[in-house]
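See below for the structure under consideration.
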Amino acid sequence: MLTRLREMHSPLAWGLVAGAGLLIAALPALGLPEYLVPQFGKFLCFGIAALAMDLVWGYAGILSLGHGLFFALGGYSMGMYLMRSIAGEGVYRSQLPDFMVFLDWKQLPWYWNGFQSFGFAAVMSLVVPGALAFVFGWFAFRSRIRGVYFSIVTQALTYAATLLFFQNATGFGGNNGLTDFKRILGAPLHDPTTRKTLYLVSAIALLATYFVCRFVVTSRLGRVLTAVRDGELKTRFCGYESTHYKVFVWTLSAMLCGLAGALYVPQVGIINPSEMQPSNSIEMAIWVAVGGRGTLLGAVLGAWLVAGGKSWLTAAIPSAWLYALGALFVIVTLFLPRGIVGLGPKLRPVFDTVVARLRRPVKAT
Amino acid sequence: MSATATTPPIMEDERPTPIVPIHVPDSALPDGPRLDATAPDDTTLPDLGRRPYVLWVEDLSVSFDGFKALNGVTLELETGELRCLIGPNGAGKTTLMDVITGKTRPDTGGVFLDRRENDLTKLSECRIAELGVGRKFQRPTVFQGHSVYENCELALRGRKGVWSTLFRRRTPAERDRIQEILKIIGLAEHAARPAGLLAHGQKQWLEIGMLLAQDPKVLLVDEPVAGMTHAEMERTAELLRSLAGRHTIVVVEHDMEFVRSIARRVTVLHEGRVLADGPMAEVQADPRVVEVYLGE
């Protein structure tokens with residue numbers, strides 16, 4: 001076990017990871033303004049989604065443009081629990097969610113059964129995206145759909161899901177989605193303590209996700225994944241059934257994305273079909289591209305930078321965001337193919353020369 | 001039968017008629033009469049000194065859009081032999097390799113490993129690799145981003161399922177085996193380097209090393225010396241010769257000097273057919289071979 005940990009990181013790197021984790025977890029205690037706590041909690045969820053995205057794209061070379069779907073499915077599962085936990089307290093004082101009363105439905109659709117339990121909803125937020133990903137991935141990878149074709153199919157999948165969830169008849173609140181949540185496990189959602197707890201849980205989930213991803217990419221399986229990315233046919237000739245590997249990492253990634261979505265919804269208070277829109281999935285790909293594909297740290301940093309930039313810019317100059325995003329994508333593609341993390345090695349010689357220059361006078365004296 | 005006790009049953013069932021430049025008769029088709037397990041054994045074919053076949057190809061035909069890339073090819077490989085496969089461009093050499101490794105499916109015919117039940121034309125690439133057929137491609141295809149050591153490790157024989165690669169670590173014996181292979185191919189001191197940084201010849205050796213790691217019964221080596229310097233070529237010849245015996249090796253090569261330096265037996269393909277088959281000297285003297293190939 002200890003050797004396995006040592007394979008994952010050097011002691012120094014483990015120290016840094018633990019330090020960063022502690023710092024993030026302690027932010028609310030260190031004076032992060034209360035109104036920013038859910039905002040930062042959201043970023044933590046994005047970090048989890050970015051790790052999931054990086055796992056499939058950065059390591060296995062599968063560019064998904066439909067990860068927003070898995071994220072939203074996790075979110076909807078949690079949203080369904082939050083909806084059911086306020087039965088009888090809606091505008092219509094009905095046991096059904098308000099939108100169902102509005103549609104004149106008399107009873108809950110069968111697939112809403114079980115979601116009154118938090119545990120069930122939490123499990124479903126992993127199982128539903130995972131099962132969908134498994135079935136979809138199995139057929140797609142077995143048919144050897146890859147590259148840009150695969151990306152387009154994932155994009156179509158999430159778009160189709162958006163249209164489906166927009167329908168009132170689907171039973172998930174249509175356009176408006178699920179909202180008006182009041183409490184989670186009995187704790188009021190607007191209470192600062194609940195918010196801080198959710199933030200802390202997200203931080204722990206992010207660290208756990210990082211741990212899982214790191215475990216995967218430093219295992220032999222991780223090396224097989226990168227081998228599949230770099231030369232799938234050769235990997236098959238080496239005796240690896242690449243389809244199994246791709247289905248595995250694809251499903252794992254979808255489940256992690258579902259986890260992110262489930263943590264995201266109670267913090268933002270709403271889930272609707274716009275979360276599944278293709279643009280959201282593309283944004284996830286941009287996080288990873290900006291941060292640096294194939295580096296876990298880069299994915300998280302990229303997510304924070306881009307999502308943070310979006311939060312700030314859409315408030316400051318709302319019309320400029322899409323231009324900024326486009327420009328960012330062009331700049332990264334042209335100049336930073338390895339993302340921000342790739343800057344490190346590039347800046348190293350510059351850093352060294354600067355250090356050398358600074359030292360020279362000292363030597364001269 | 002007492003004979004079964006002394007000779008592997010494979011031999012008796014699968015002793016095909018010797019083929020030299022031929023048209024394959026219908027009786028040689030799969031399910032033909034000679035496949036009968038009760039057929040008389042060695043006595044009808046007094047071919048002493050022959051070792052059992054490890055891999056044989058029967059009446060293989062492949063066509064692409066009407067073009068017959070392979071046209072009734074039949075070929076047998078004895079255990080441990082070093083066979084060279086030559087022929088002009090478009091003769092079907094690479095297609096034959098593709099069929100054996102499962103990349104291309106034939107129209108008719110079969111490829112068998114060890115016994116008749118192992119029809120490779122019905123198996124997937126990775127299953128074939130697992131059964132013991134390794135292949136080196138024409139262009140060196142090593143994993144550029146992985147280190148030399150990791151390349152060998154990826155190829156190493158063993159369990160290759162998702163769970164075992166996720167949770168099982170390499171045993172010391174396996175790590176020793178990798179080091180041993182790195183020594184054989186002369187890349188031990190480059191173990192930690194990314195394979196992408198190796199010289200061309202070193203990449204070719206690494207790929208041969210990866211084949212060795214798979215510990216295959218049959219090694220298919222496609223143009224191992226293309227683009228190599230003379231010295232590298234000599235080392236490669238030495239390497240292949242040293243591996244024959246323990247492994248059965250098929251080398252596809254254009255460089256006749258190289259073929260001469262390693263070949264014991266040569267098969268010439270031409271327009272999808274086996275044109276000639278025999279010792280190098282004999283094949284070289286064959287007027288038809290001279291006409292289509294060597295005489296050019």
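Numbering starts fresh at 1 for the residues of each chain in the structure tokens, the chains themselves are lettered A, B, ... in the order given, and ligands are numbered from 1 as they appear.
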For the contact check between chain A and chain B, emit one row per residue of chain A within 9 Å, containing the shortest atom pair and the distance in Å rounded to one decimal, counting only C-alpha atoms, chain then rising number order, as JSON lines.
{"residue": "A:Arg4", "atom": "CA", "partner": "B:Arg169", "partner_atom": "CA", "distance": 8.8}
{"residue": "A:Phe215", "atom": "CA", "partner": "B:Leu166", "partner_atom": "CA", "distance": 8.4}
{"residue": "A:Val216", "atom": "CA", "partner": "B:Leu166", "partner_atom": "CA", "distance": 6.7}
{"residue": "A:Ser219", "atom": "CA", "partner": "B:Leu166", "partner_atom": "CA", "distance": 5.6}
{"residue": "A:Arg220", "atom": "CA", "partner": "B:Thr165", "partner_atom": "CA", "distance": 5.1}
{"residue": "A:Leu221", "atom": "CA", "partner": "B:Thr165", "partner_atom": "CA", "distance": 4.7}
{"residue": "A:Gly222", "atom": "CA", "partner": "B:Leu166", "partner_atom": "CA", "distance": 7.7}
{"residue": "A:Arg223", "atom": "CA", "partner": "B:Leu154", "partner_atom": "CA", "distance": 7.7}
{"residue": "A:Val224", "atom": "CA", "partner": "B:Leu154", "partner_atom": "CA", "distance": 7.0}
{"residue": "A:Thr226", "atom": "CA", "partner": "B:Gly145", "partner_atom": "CA", "distance": 8.3}
{"residue": "A:Ala227", "atom": "CA", "partner": "B:Phe143", "partner_atom": "CA", "distance": 6.4}
{"residue": "A:Asp230", "atom": "CA", "partner": "B:Phe143", "partner_atom": "CA", "distance": 6.6}
{"residue": "A:Gly231", "atom": "CA", "partner": "B:Phe143", "partner_atom": "CA", "distance": 7.0}
{"residue": "A:Leu233", "atom": "CA", "partner": "B:Glu125", "partner_atom": "CA", "distance": 8.7}
{"residue": "A:Lys234", "atom": "CA", "partner": "B:Thr141", "partner_atom": "CA", "distance": 7.2}
{"residue": "A:Thr235", "atom": "CA", "partner": "B:Leu154", "partner_atom": "CA", "distance": 8.3}
{"residue": "A:Arg236", "atom": "CA", "partner": "B:Cys126", "partner_atom": "CA", "distance": 5.0}
{"residue": "A:Phe237", "atom": "CA", "partner": "B:Cys126", "partner_atom": "CA", "distance": 5.5}
{"residue": "A:Cys238", "atom": "CA", "partner": "B:Ala155", "partner_atom": "CA", "distance": 5.2}
{"residue": "A:Gly239", "atom": "CA", "partner": "B:Cys126", "partner_atom": "CA", "distance": 4.1}
{"residue": "A:Tyr240", "atom": "CA", "partner": "B:Lys160", "partner_atom": "CA", "distance": 5.8}
{"residue": "A:Glu241", "atom": "CA", "partner": "B:Cys126", "partner_atom": "CA", "distance": 6.0}
{"residue": "A:Ser242", "atom": "CA", "partner": "B:Cys126", "partner_atom": "CA", "distance": 8.7}
{"residue": "A:His244", "atom": "CA", "partner": "B:Val162", "partner_atom": "CA", "distance": 6.9}
{"residue": "A:Tyr245", "atom": "CA", "partner": "B:Val162", "partner_atom": "CA", "distance": 6.1}
{"residue": "A:Phe248", "atom": "CA", "partner": "B:Val162", "partner_atom": "CA", "distance": 7.6}
Written file, previous selection with N, CA and C atoms, as a tab-separated table (two decimals), in the first residue's frame:
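This is the output file part_10.tsv:
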chain	number	residue	atom	x	y	z
A	4	ARG	N	2.54	1.79	-3.21
A	4	ARG	CA	1.58	2.29	-4.20
A	4	ARG	C	1.42	3.80	-4.04
A	215	PHE	N	-4.70	7.53	-8.78
A	215	PHE	CA	-4.51	6.09	-8.65
A	215	PHE	C	-4.63	5.42	-10.02
A	216	VAL	N	-5.64	5.85	-10.77
A	216	VAL	CA	-5.87	5.24	-12.08
A	216	VAL	C	-4.71	5.56	-13.03
A	219	SER	N	-1.43	3.77	-12.35
A	219	SER	CA	-1.43	2.31	-12.39
A	219	SER	C	-1.00	1.85	-13.77
A	220	ARG	N	-0.85	0.55	-13.91
A	220	ARG	CA	-0.53	0.03	-15.24
A	220	ARG	C	-1.66	0.34	-16.19
A	221	LEU	N	-2.88	0.36	-15.65
A	221	LEU	CA	-4.03	0.69	-16.48
A	221	LEU	C	-3.87	2.09	-17.08
A	222	GLY	N	-3.33	3.01	-16.30
A	222	GLY	CA	-3.11	4.36	-16.80
A	222	GLY	C	-2.18	4.35	-18.00
A	223	ARG	N	-1.14	3.51	-17.91
A	223	ARG	CA	-0.19	3.45	-19.03
A	223	ARG	C	-0.83	2.79	-20.24
A	224	VAL	N	-1.73	1.84	-20.00
A	224	VAL	CA	-2.45	1.24	-21.12
A	224	VAL	C	-3.35	2.30	-21.78
A	226	THR	N	-2.92	5.59	-21.92
A	226	THR	CA	-2.16	6.50	-22.76
A	226	THR	C	-1.65	5.76	-24.00
A	227	ALA	N	-1.40	4.47	-23.87
A	227	ALA	CA	-0.99	3.69	-25.04
A	227	ALA	C	-2.14	3.62	-26.05
A	230	ASP	N	-2.22	6.85	-27.82
A	230	ASP	CA	-1.14	7.09	-28.78
A	230	ASP	C	-1.13	6.10	-29.94
A	231	GLY	N	-1.69	4.93	-29.75
A	231	GLY	CA	-1.67	3.94	-30.83
A	231	GLY	C	-2.57	2.78	-30.47
A	233	LEU	N	-4.25	0.58	-32.26
A	233	LEU	CA	-4.08	-0.71	-32.94
A	233	LEU	C	-2.91	-1.47	-32.34
A	234	LYS	N	-1.82	-0.73	-32.12
A	234	LYS	CA	-0.62	-1.34	-31.53
A	234	LYS	C	-0.96	-1.93	-30.16
A	235	THR	N	-1.75	-1.20	-29.41
A	235	THR	CA	-2.13	-1.68	-28.08
A	235	THR	C	-2.91	-2.99	-28.19
A	236	ARG	N	-3.75	-3.06	-29.20
A	236	ARG	CA	-4.51	-4.29	-29.40
A	236	ARG	C	-3.58	-5.44	-29.75
A	237	PHE	N	-2.56	-5.14	-30.58
A	237	PHE	CA	-1.61	-6.18	-30.94
A	237	PHE	C	-0.79	-6.61	-29.73
A	238	CYS	N	-0.68	-5.72	-28.75
A	238	CYS	CA	0.02	-6.09	-27.52
A	238	CYS	C	-0.87	-6.96	-26.63
A	239	GLY	N	-2.09	-7.18	-27.04
A	239	GLY	CA	-2.96	-8.09	-26.31
A	239	GLY	C	-3.97	-7.42	-25.39
A	240	TYR	N	-4.13	-6.11	-25.52
A	240	TYR	CA	-5.11	-5.42	-24.67
A	240	TYR	C	-6.40	-5.20	-25.46
A	241	GLU	N	-7.50	-5.57	-24.86
A	241	GLU	CA	-8.79	-5.32	-25.49
A	241	GLU	C	-9.13	-3.86	-25.23
A	242	SER	N	-8.78	-3.00	-26.18
A	242	SER	CA	-8.87	-1.56	-25.92
A	242	SER	C	-10.30	-1.11	-25.63
A	244	HIS	N	-12.53	-2.53	-23.78
A	244	HIS	CA	-12.82	-2.64	-22.35
A	244	HIS	C	-12.23	-1.47	-21.58
A	245	TYR	N	-11.01	-1.12	-21.96
A	245	TYR	CA	-10.34	-0.02	-21.27
A	245	TYR	C	-11.08	1.29	-21.48
A	248	PHE	N	-14.31	1.30	-19.57
A	248	PHE	CA	-14.04	1.49	-18.14
A	248	PHE	C	-13.81	2.95	-17.81
Please provide the set of residues having any atom within 12 Å of Asp277 (chain B), restricted to only C-alpha atoms, with same-chain residues fewer than 4 positions apart removed, written as a PyMOL selection string.
chain B and resi 18-22+73-77+83-87+263-270+273+281-286+288-289
Within 10 Å of region 160-164 of chain A using only C-alpha atoms, minus same-chain residues under 6 positions, as a VMD selection string:
chain A and resid 66 69 72 to 73 154 170 to 172 174 to 175 272 to 278
Take the residues from that selection and put them in a file with C-alpha atoms, as a CSV table (one decimal), in the first residue's frame.
chain,number,residue,atom,x,y,z
A,66,GLY,CA,-21.2,15.5,-23.9
A,69,LEU,CA,-25.1,15.4,-19.7
A,72,ALA,CA,-26.7,17.2,-15.3
A,73,LEU,CA,-27.9,13.7,-14.7
A,154,THR,CA,-21.6,12.6,-27.7
A,170,THR,CA,-40.7,14.0,-19.5
A,171,GLY,CA,-41.5,14.7,-15.9
A,172,PHE,CA,-38.5,16.7,-14.8
A,174,GLY,CA,-39.4,20.9,-18.4
A,175,ASN,CA,-38.0,24.3,-19.1
A,272,ASN,CA,-32.6,22.7,-15.5
A,273,PRO,CA,-32.0,21.5,-19.1
A,274,SER,CA,-29.6,24.3,-19.9
A,275,GLU,CA,-27.0,22.5,-17.9
A,276,MET,CA,-27.1,19.8,-20.6
A,277,GLN,CA,-26.7,22.2,-23.5
A,278,PRO,CA,-23.8,21.4,-25.8
What lies within 12 Å of Leu334 (chain A) using only C-alpha atoms, ignoring chain neighbours under 6 positions off, as a PyMOL selection string?
chain A and resi 289-290+327-328
Go ahead and dump the residues you just picked, N, CA and C atoms, as a JSON list (two decimals), in the first residue's frame.
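Below you can see again.json, which holds the result:
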[["chain", "number", "residue", "atom", "x", "y", "z"],
["A", 289, "ALA", "N", -8.37, 21.94, -21.79],
["A", 289, "ALA", "CA", -7.41, 22.38, -22.79],
["A", 289, "ALA", "C", -6.58, 23.54, -22.24],
["A", 290, "VAL", "N", -7.23, 24.46, -21.55],
["A", 290, "VAL", "CA", -6.52, 25.62, -21.00],
["A", 290, "VAL", "C", -5.56, 25.18, -19.90],
["A", 327, "ALA", "N", -11.11, 33.85, -27.74],
["A", 327, "ALA", "CA", -9.71, 34.28, -27.81],
["A", 327, "ALA", "C", -8.83, 33.35, -26.99],
["A", 328, "LEU", "N", -9.30, 32.99, -25.82],
["A", 328, "LEU", "CA", -8.55, 32.09, -24.95],
["A", 328, "LEU", "C", -8.28, 30.77, -25.65]]
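The nearest approach to Lys196 (chain A) among the residues A:Leu23, A:Ala356, A:Val101, A:Val37, with only C-alpha atoms taken into account, belongs to A:Val37.
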Considering only C-alpha atoms, return as an MDAnalysis selection string whatever protein or nucleic-acid residues lie within 10 Å of Glu271 (chain B), sequence-local ones (same chain, fewer than 6 positions apart) excluded.
chainID B and resid 68:71 87:93 292
Have a look at CA of Ser143 (chain A) and CA of Thr94 (chain B) and let me know their distance in Å, one decimal.
24.6 Å
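Every protein, DNA or RNA residue with an atom at most 9 Å from Val265 (chain A), where only C-alpha atoms count and chain neighbours fewer than 6 positions away do not, is listed here: Lys42, Ala72, Gly74, Gly75, Tyr76, Met78, Gly79 and Ile271 of chain A.
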Name the residues in contact with Thr179 (chain A) at a cut-off of 10 Å, using only C-alpha atoms, excluding same-chain residues fewer than 3 positions from it; report them as an MDAnalysis selection string.
chainID A and resid 79:80 82:83 97:98 173 176 182 265:266 268:272
How would the residues just chosen look if you wrote them out with C-alpha atoms as a PDB file, in the first residue's frame?
ATOM      1  CA  GLY A  79     -32.592  17.699  -7.439  1.00  0.00           C
ATOM      2  CA  MET A  80     -35.279  15.030  -7.336  1.00  0.00           C
ATOM      3  CA  LEU A  82     -34.452  17.978  -2.866  1.00  0.00           C
ATOM      4  CA  MET A  83     -37.835  18.314  -4.597  1.00  0.00           C
ATOM      5  CA  PRO A  97     -43.781  18.937  -6.910  1.00  0.00           C
ATOM      6  CA  ASP A  98     -45.416  22.164  -8.054  1.00  0.00           C
ATOM      7  CA  GLY A 173     -40.041  20.160 -14.723  1.00  0.00           C
ATOM      8  CA  ASN A 176     -37.720  25.442 -15.486  1.00  0.00           C
ATOM      9  CA  LYS A 182     -35.465  24.333   0.886  1.00  0.00           C
ATOM     10  CA  VAL A 265     -27.195  21.442  -7.416  1.00  0.00           C
ATOM     11  CA  PRO A 266     -27.767  22.049  -3.678  1.00  0.00           C
ATOM     12  CA  VAL A 268     -26.709  26.725  -6.763  1.00  0.00           C
ATOM     13  CA  GLY A 269     -30.315  25.833  -5.931  1.00  0.00           C
ATOM     14  CA  ILE A 270     -31.485  24.908  -9.401  1.00  0.00           C
ATOM     15  CA  ILE A 271     -31.059  22.310 -12.110  1.00  0.00           C
ATOM     16  CA  ASN A 272     -32.601  22.714 -15.539  1.00  0.00           C
TER      17      ASN A 272
END
What are the DSSP strand (DSSP E) residues of region 47-257 of chain A, as a list in words?
Leu178, Thr179, Arg183, Ile184, Ala187 and Pro188 of chain A
If you keep C-alpha atoms, can you produce a file of those selected residues as a PDB file, in the first residue's frame?
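Writing the result to result30.pdb gives the following:
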ATOM      1  CA  LEU A 178     -36.159  21.591 -10.532  1.00  0.00           C
ATOM      2  CA  THR A 179     -35.799  24.478  -8.120  1.00  0.00           C
ATOM      3  CA  ARG A 183     -33.373  21.881   2.791  1.00  0.00           C
ATOM      4  CA  ILE A 184     -31.010  18.961   2.519  1.00  0.00           C
ATOM      5  CA  ALA A 187     -30.714  21.379   7.197  1.00  0.00           C
ATOM      6  CA  PRO A 188     -31.975  24.619   5.622  1.00  0.00           C
TER       7      PRO A 188
END
I need the helix (DSSP H, G or I) residues of region 25-266 of chain B per DSSP on the backbone, written as a PyMOL selection string.
chain B and resi 26-28+33-35+42-44+93-100+120-122+125-131+148-155+162-167+172-184+188-190+195-197+200-213+230-243+256-262
Would you save the residues of that selection, restricted to C-alpha atoms, as a compact mmCIF listing (two decimals), in the first residue's frame?
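Contents of part00.txt, as written:
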# COMPACT_ATOMS: atom_id res chain seq x y z
CA ASP B 26 -9.75 -28.51 -53.91
CA SER B 27 -8.96 -31.41 -51.66
CA ALA B 28 -6.78 -29.10 -49.60
CA PRO B 33 -10.74 -35.40 -46.57
CA ARG B 34 -7.17 -35.11 -45.36
CA LEU B 35 -8.38 -33.44 -42.20
CA ASP B 42 3.71 -40.54 -41.00
CA THR B 43 3.92 -43.70 -43.06
CA THR B 44 2.27 -42.05 -46.03
CA LYS B 93 3.23 -9.95 -48.03
CA THR B 94 1.76 -7.33 -45.76
CA THR B 95 -1.77 -8.53 -46.45
CA LEU B 96 -0.70 -12.00 -45.38
CA MET B 97 0.64 -10.55 -42.12
CA ASP B 98 -2.59 -8.61 -41.67
CA VAL B 99 -4.66 -11.75 -42.03
CA ILE B 100 -2.50 -13.76 -39.65
CA LEU B 120 -6.98 -17.19 -36.23
CA THR B 121 -9.26 -15.80 -38.91
CA LYS B 122 -12.10 -16.04 -36.42
CA GLU B 125 -6.35 -9.06 -32.75
CA CYS B 126 -5.80 -9.13 -29.02
CA ARG B 127 -6.90 -12.74 -28.70
CA ILE B 128 -4.42 -13.71 -31.42
CA ALA B 129 -1.68 -11.79 -29.64
CA GLU B 130 -2.61 -13.60 -26.45
CA LEU B 131 -2.39 -16.99 -28.18
CA VAL B 148 11.63 2.24 -23.12
CA TYR B 149 10.96 0.23 -19.97
CA GLU B 150 7.24 0.99 -20.05
CA ASN B 151 7.05 -0.05 -23.67
CA CYS B 152 8.39 -3.46 -22.78
CA GLU B 153 6.19 -3.61 -19.73
CA LEU B 154 3.09 -2.93 -21.80
CA ALA B 155 3.96 -5.77 -24.10
CA VAL B 162 -8.91 -3.97 -16.85
CA TRP B 163 -8.92 -5.02 -13.19
CA SER B 164 -5.58 -6.73 -13.13
CA THR B 165 -3.90 -3.73 -14.75
CA LEU B 166 -5.60 -1.42 -12.30
CA PHE B 167 -4.76 -3.28 -9.11
CA PRO B 172 9.98 -8.92 -9.21
CA ALA B 173 10.20 -11.83 -11.66
CA GLU B 174 8.37 -9.82 -14.27
CA ARG B 175 10.60 -6.82 -13.70
CA ASP B 176 13.67 -9.02 -14.07
CA ARG B 177 12.29 -10.36 -17.32
CA ILE B 178 11.90 -6.83 -18.66
CA GLN B 179 15.48 -6.00 -17.71
CA GLU B 180 16.64 -9.17 -19.39
CA ILE B 181 14.86 -8.25 -22.60
CA LEU B 182 16.29 -4.76 -22.49
CA LYS B 183 19.73 -6.36 -22.28
CA ILE B 184 19.05 -8.66 -25.23
CA ALA B 188 19.27 -1.51 -20.96
CA GLU B 189 20.95 1.84 -20.37
CA HIS B 190 18.12 3.66 -22.13
CA ALA B 195 10.90 5.88 -26.67
CA GLY B 196 10.23 8.84 -28.96
CA LEU B 197 13.78 10.06 -28.39
CA HIS B 200 15.48 4.86 -35.71
CA GLY B 201 17.40 1.61 -35.38
CA GLN B 202 16.93 1.56 -31.62
CA LYS B 203 13.19 1.92 -32.09
CA GLN B 204 13.22 -1.12 -34.34
CA TRP B 205 15.07 -3.10 -31.69
CA LEU B 206 12.72 -1.87 -29.03
CA GLU B 207 9.87 -3.15 -31.08
CA ILE B 208 11.52 -6.52 -31.42
CA GLY B 209 12.03 -6.42 -27.66
CA MET B 210 8.34 -5.72 -27.19
CA LEU B 211 7.62 -8.77 -29.31
CA LEU B 212 9.94 -10.82 -27.12
CA ALA B 213 8.17 -9.57 -24.02
CA HIS B 230 24.95 -1.23 -42.17
CA ALA B 231 26.14 -1.82 -38.63
CA GLU B 232 22.63 -1.72 -37.28
CA MET B 233 21.61 -4.20 -39.94
CA GLU B 234 24.29 -6.64 -38.87
CA ARG B 235 23.21 -6.38 -35.26
CA THR B 236 19.62 -6.99 -36.28
CA ALA B 237 20.57 -10.08 -38.26
CA GLU B 238 22.47 -11.37 -35.26
CA LEU B 239 19.51 -10.64 -33.00
CA LEU B 240 17.03 -12.47 -35.23
CA ARG B 241 19.32 -15.46 -35.67
CA SER B 242 19.77 -15.73 -31.93
CA LEU B 243 16.03 -15.70 -31.40
CA MET B 256 18.20 -9.14 -50.43
CA GLU B 257 21.59 -8.91 -48.83
CA PHE B 258 19.96 -9.01 -45.45
CA VAL B 259 17.72 -11.91 -46.46
CA ARG B 260 20.76 -13.83 -47.64
CA SER B 261 22.49 -13.20 -44.35
CA ILE B 262 19.72 -14.70 -42.23
